[in-house]
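Right, one structure below, let's go through it.
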Amino acid sequence: MNILRPFLSLDRSQHMKYKRILLKLSGEALQGSSKSTNIDPKVLEQYCEEIKAIRDLGVEIAIVIGGGNIFRGGQAEALGIDRVQGDYMGMLATVINAMALQSSLERHGLYTRLMAGIKMEQVCEPFIRRRAIRHLEKGRIVIFGAGIGNPYFTTDSTASLRAVEVQADVVLKGTRVDGVYTQDPEKYPDAVRYATLSFQEAYEKGLNIMDMTAFTLCKENKLPIIVFDMNKKGNLLKVVQGEPAGTLIS
Ligand code: UDP
């Protein structure tokens, strides 16, 4: 590891609006159009290229990835599986995605650490807040797997909580839609996209940005959220530079 790397990184990140970000990726998006596997290699590749572009500019990156392409706790009961057991299965699913992402990022020459909310010492470090911050300062991409380690939570809540804990400047929620709309744009073609929203407006309008726990955590800690289209090339860089792309909730 080049010890000058973090210092060079700091310098380059001066042109970025956000220096430390928490990127939330959904597991479902990772499946892409693949019917035969849970992980589409093309999506994985594209995500890594986007992430590398901002890392090369010195942005400190923490990532939370969901598990919806493999298992969600909400599916458990219909399968005759206890709900809490299902939630743990969902958490393990996020670790599978996190490991795939870690491996792919490393193939792109990036330095990474995987930290998990459940002890899994052969494959992940345990989540220790100070250590996570140190990794970020050293320019390592930190992926948080296994959610917060508790059932009845989501990876959105994990994203908000970890973002607050590691003092990220913003939560970037990468989706397949380019922001928050007045109505579901996939169902209503005349739905209008918001460029910015206050937390209060989003709450009063009942807009579905993140689940309430995740949303409230961001609101109470004045942590802005940007919802943007992660599948559009160059969008992540735009967002980090503060250019308009997606919806900013602050
Ligand atoms: N999960 C949990 N606690 C956490 C994070 C996740 O119980 O702290 C479980 C929950 O069952 C959830 C599943 O993991 O359904 C997968 O995460 P999520 O649905 O948030 O993934 P995404 O929809 O973003 O792919």
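Letters A, B, ... mark the chains of the structure tokens in the order given; residue numbers begin at 1 per chain; ligand numbers begin at 1, in order shown.
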
* Using only C-alpha atoms and all ligand atoms, what are the residues with an atom within 9 Å of ligand 1, set out as an NGL selection string? -> :A and (24-30 or 64-76 or 83-94 or 117 or 145-158)

Saved selection, atoms kept: C-alpha atoms, as a compact mmCIF listing (two decimals), in the first residue's frame:
# COMPACT_ATOMS: atom_id res chain seq x y z
CA LYS A 24 -26.58 2.34 -0.57
CA LEU A 25 -27.00 -0.20 -3.35
CA SER A 26 -29.98 -2.48 -3.58
CA GLY A 27 -29.48 -6.20 -3.91
CA GLU A 28 -32.29 -6.39 -6.43
CA ALA A 29 -30.47 -4.01 -8.79
CA LEU A 30 -27.45 -6.31 -8.71
CA VAL A 64 -24.17 -0.86 2.23
CA ILE A 65 -25.61 -3.39 -0.17
CA GLY A 66 -29.00 -5.06 0.20
CA GLY A 67 -29.88 -8.70 -0.18
CA GLY A 68 -33.22 -8.58 -2.00
CA ASN A 69 -31.86 -10.48 -5.03
CA ILE A 70 -31.28 -13.49 -2.78
CA PHE A 71 -33.61 -13.34 0.21
CA ARG A 72 -35.77 -10.90 2.15
CA GLY A 73 -37.09 -11.53 5.65
CA GLY A 74 -40.57 -10.61 4.45
CA GLN A 75 -40.63 -13.72 2.24
CA ALA A 76 -40.07 -16.07 5.18
CA ARG A 83 -39.81 -14.29 10.49
CA VAL A 84 -36.76 -13.66 12.66
CA GLN A 85 -34.96 -16.60 11.09
CA GLY A 86 -35.90 -15.11 7.71
CA ASP A 87 -34.40 -11.77 8.65
CA TYR A 88 -31.12 -13.45 9.56
CA MET A 89 -31.25 -15.23 6.20
CA GLY A 90 -31.71 -11.81 4.59
CA MET A 91 -28.68 -10.50 6.49
CA LEU A 92 -26.59 -13.42 5.26
CA ALA A 93 -27.77 -12.65 1.73
CA THR A 94 -26.31 -9.16 2.05
CA GLY A 117 -22.96 -6.72 11.85
CA GLY A 145 -22.48 -6.47 5.37
CA ALA A 146 -25.12 -8.30 7.44
CA GLY A 147 -27.14 -5.16 8.11
CA ILE A 148 -26.98 -3.89 11.66
CA GLY A 149 -27.10 -7.48 12.83
CA ASN A 150 -30.66 -7.31 14.17
CA PRO A 151 -33.92 -8.61 12.73
CA TYR A 152 -36.81 -6.27 11.84
CA PHE A 153 -34.42 -3.77 10.25
CA THR A 154 -33.55 -3.14 6.64
CA THR A 155 -30.42 -2.28 4.76
CA ASP A 156 -31.79 1.27 4.38
CA SER A 157 -31.71 1.59 8.17
CA THR A 158 -28.23 0.12 8.13

* region 14-221 of chain A: which residues are strand (DSSP E) by DSSP, as a PyMOL selection string? -> chain A and resi 20-25+60-65+112-116+125-126+141-145+170-175+196-197

Go ahead and write the residues just picked, N, CA and C atoms, as a tab-separated table (two decimals), in the first residue's frame.
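File written: out_23.tsv
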chain	number	residue	atom	x	y	z
A	20	ARG	N	-16.90	12.28	2.11
A	20	ARG	CA	-17.10	10.93	2.65
A	20	ARG	C	-18.57	10.57	2.41
A	21	ILE	N	-18.78	9.52	1.67
A	21	ILE	CA	-20.16	9.17	1.32
A	21	ILE	C	-20.52	7.77	1.83
A	22	LEU	N	-21.82	7.58	2.01
A	22	LEU	CA	-22.33	6.23	2.27
A	22	LEU	C	-23.21	5.90	1.07
A	23	LEU	N	-22.76	4.95	0.29
A	23	LEU	CA	-23.51	4.55	-0.91
A	23	LEU	C	-24.36	3.34	-0.58
A	24	LYS	N	-25.67	3.48	-0.79
A	24	LYS	CA	-26.58	2.34	-0.57
A	24	LYS	C	-26.97	1.76	-1.93
A	25	LEU	N	-26.64	0.49	-2.10
A	25	LEU	CA	-27.00	-0.20	-3.35
A	25	LEU	C	-28.02	-1.27	-3.01
A	60	GLU	N	-13.94	9.34	0.05
A	60	GLU	CA	-13.96	8.22	0.99
A	60	GLU	C	-15.32	7.53	0.90
A	61	ILE	N	-15.27	6.22	0.71
A	61	ILE	CA	-16.51	5.51	0.34
A	61	ILE	C	-16.85	4.38	1.31
A	62	ALA	N	-18.04	4.47	1.87
A	62	ALA	CA	-18.60	3.35	2.63
A	62	ALA	C	-19.80	2.86	1.83
A	63	ILE	N	-20.01	1.55	1.83
A	63	ILE	CA	-21.09	0.98	1.03
A	63	ILE	C	-21.95	0.03	1.87
A	64	VAL	N	-23.25	0.15	1.69
A	64	VAL	CA	-24.17	-0.86	2.23
A	64	VAL	C	-24.90	-1.45	1.03
A	65	ILE	N	-24.89	-2.75	0.94
A	65	ILE	CA	-25.61	-3.39	-0.17
A	65	ILE	C	-26.71	-4.29	0.40
A	112	THR	N	-10.10	-2.57	-0.09
A	112	THR	CA	-11.42	-2.69	0.54
A	112	THR	C	-11.34	-3.38	1.90
A	113	ARG	N	-12.37	-3.18	2.69
A	113	ARG	CA	-12.56	-3.96	3.91
A	113	ARG	C	-14.05	-4.26	4.02
A	114	LEU	N	-14.34	-5.48	4.44
A	114	LEU	CA	-15.73	-5.87	4.64
A	114	LEU	C	-15.96	-6.02	6.14
A	115	MET	N	-16.93	-5.26	6.64
A	115	MET	CA	-17.23	-5.32	8.07
A	115	MET	C	-18.67	-5.77	8.23
A	116	ALA	N	-18.91	-6.68	9.15
A	116	ALA	CA	-20.26	-7.22	9.26
A	116	ALA	C	-20.88	-6.99	10.63
A	125	GLU	N	-14.54	-8.55	8.90
A	125	GLU	CA	-14.16	-8.00	10.20
A	125	GLU	C	-15.45	-7.67	10.95
A	126	PRO	N	-15.41	-7.69	12.29
A	126	PRO	CA	-16.60	-7.21	13.00
A	126	PRO	C	-16.71	-5.70	12.82
A	141	ILE	N	-12.14	1.27	0.79
A	141	ILE	CA	-13.60	1.25	0.64
A	141	ILE	C	-14.14	0.28	1.67
A	142	VAL	N	-15.04	0.76	2.51
A	142	VAL	CA	-15.57	-0.10	3.57
A	142	VAL	C	-16.98	-0.55	3.20
A	143	ILE	N	-17.16	-1.85	3.12
A	143	ILE	CA	-18.49	-2.39	2.82
A	143	ILE	C	-19.06	-2.94	4.12
A	144	PHE	N	-20.29	-2.52	4.42
A	144	PHE	CA	-20.94	-3.01	5.64
A	144	PHE	C	-21.92	-4.12	5.26
A	145	GLY	N	-21.61	-5.33	5.67
A	145	GLY	CA	-22.48	-6.47	5.37
A	145	GLY	C	-23.29	-6.87	6.58
A	170	VAL	N	-23.17	12.41	3.41
A	170	VAL	CA	-24.42	12.21	2.66
A	170	VAL	C	-24.69	10.71	2.50
A	171	VAL	N	-25.98	10.36	2.40
A	171	VAL	CA	-26.35	8.99	2.02
A	171	VAL	C	-26.78	9.05	0.56
A	172	LEU	N	-26.13	8.27	-0.28
A	172	LEU	CA	-26.49	8.23	-1.70
A	172	LEU	C	-27.24	6.93	-1.95
A	173	LYS	N	-28.52	7.08	-2.24
A	173	LYS	CA	-29.31	5.87	-2.46
A	173	LYS	C	-29.40	5.61	-3.96
A	174	GLY	N	-28.62	4.65	-4.41
A	174	GLY	CA	-28.60	4.30	-5.83
A	174	GLY	C	-29.76	3.38	-6.16
A	175	THR	N	-30.61	3.82	-7.08
A	175	THR	CA	-31.78	3.01	-7.45
A	175	THR	C	-31.81	2.89	-8.97
A	196	THR	N	-35.33	18.84	-5.40
A	196	THR	CA	-34.98	18.91	-3.97
A	196	THR	C	-36.26	18.78	-3.15
A	197	LEU	N	-36.08	18.36	-1.93
A	197	LEU	CA	-37.20	18.22	-0.99
A	197	LEU	C	-36.64	18.45	0.41

* Looking at A:Glu45, A:Tyr18, A:Gly58, A:Val239, which one is nearest to Ser103 (chain A), with distances taken over only C-alpha atoms? -> A:Glu45

* Have a look at A:Val227, A:Asn97, A:Ser250, A:Gly32 and name the one nearest to Tyr203 (chain A); count only C-alpha atoms. =>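 Of the candidates, the smallest distance to Tyr203 (chain A) is held by A:Ser250.
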
* **Among listed residues A:Gly109, A:Met210, A:Lys17, A:Ala202, nearest Pro244 (chain A) (using only C-alpha atoms)** =>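 Nearest candidate to Pro244 (chain A) out of A:Gly109, A:Met210, A:Lys17, A:Ala202: A:Lys17.
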
* To do: Going by DSSP on the backbone, which bits of region 2-178 of chain A are alpha helix (DSSP H)? Write them as a ChimeraX atom specification, please.
  => /A:5-12,27-31,41-55,83-107,129-137,155-165

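Counting from CA of Ser160 (chain A), the distance to CA of Cys218 (chain A) is 6.0 Å.
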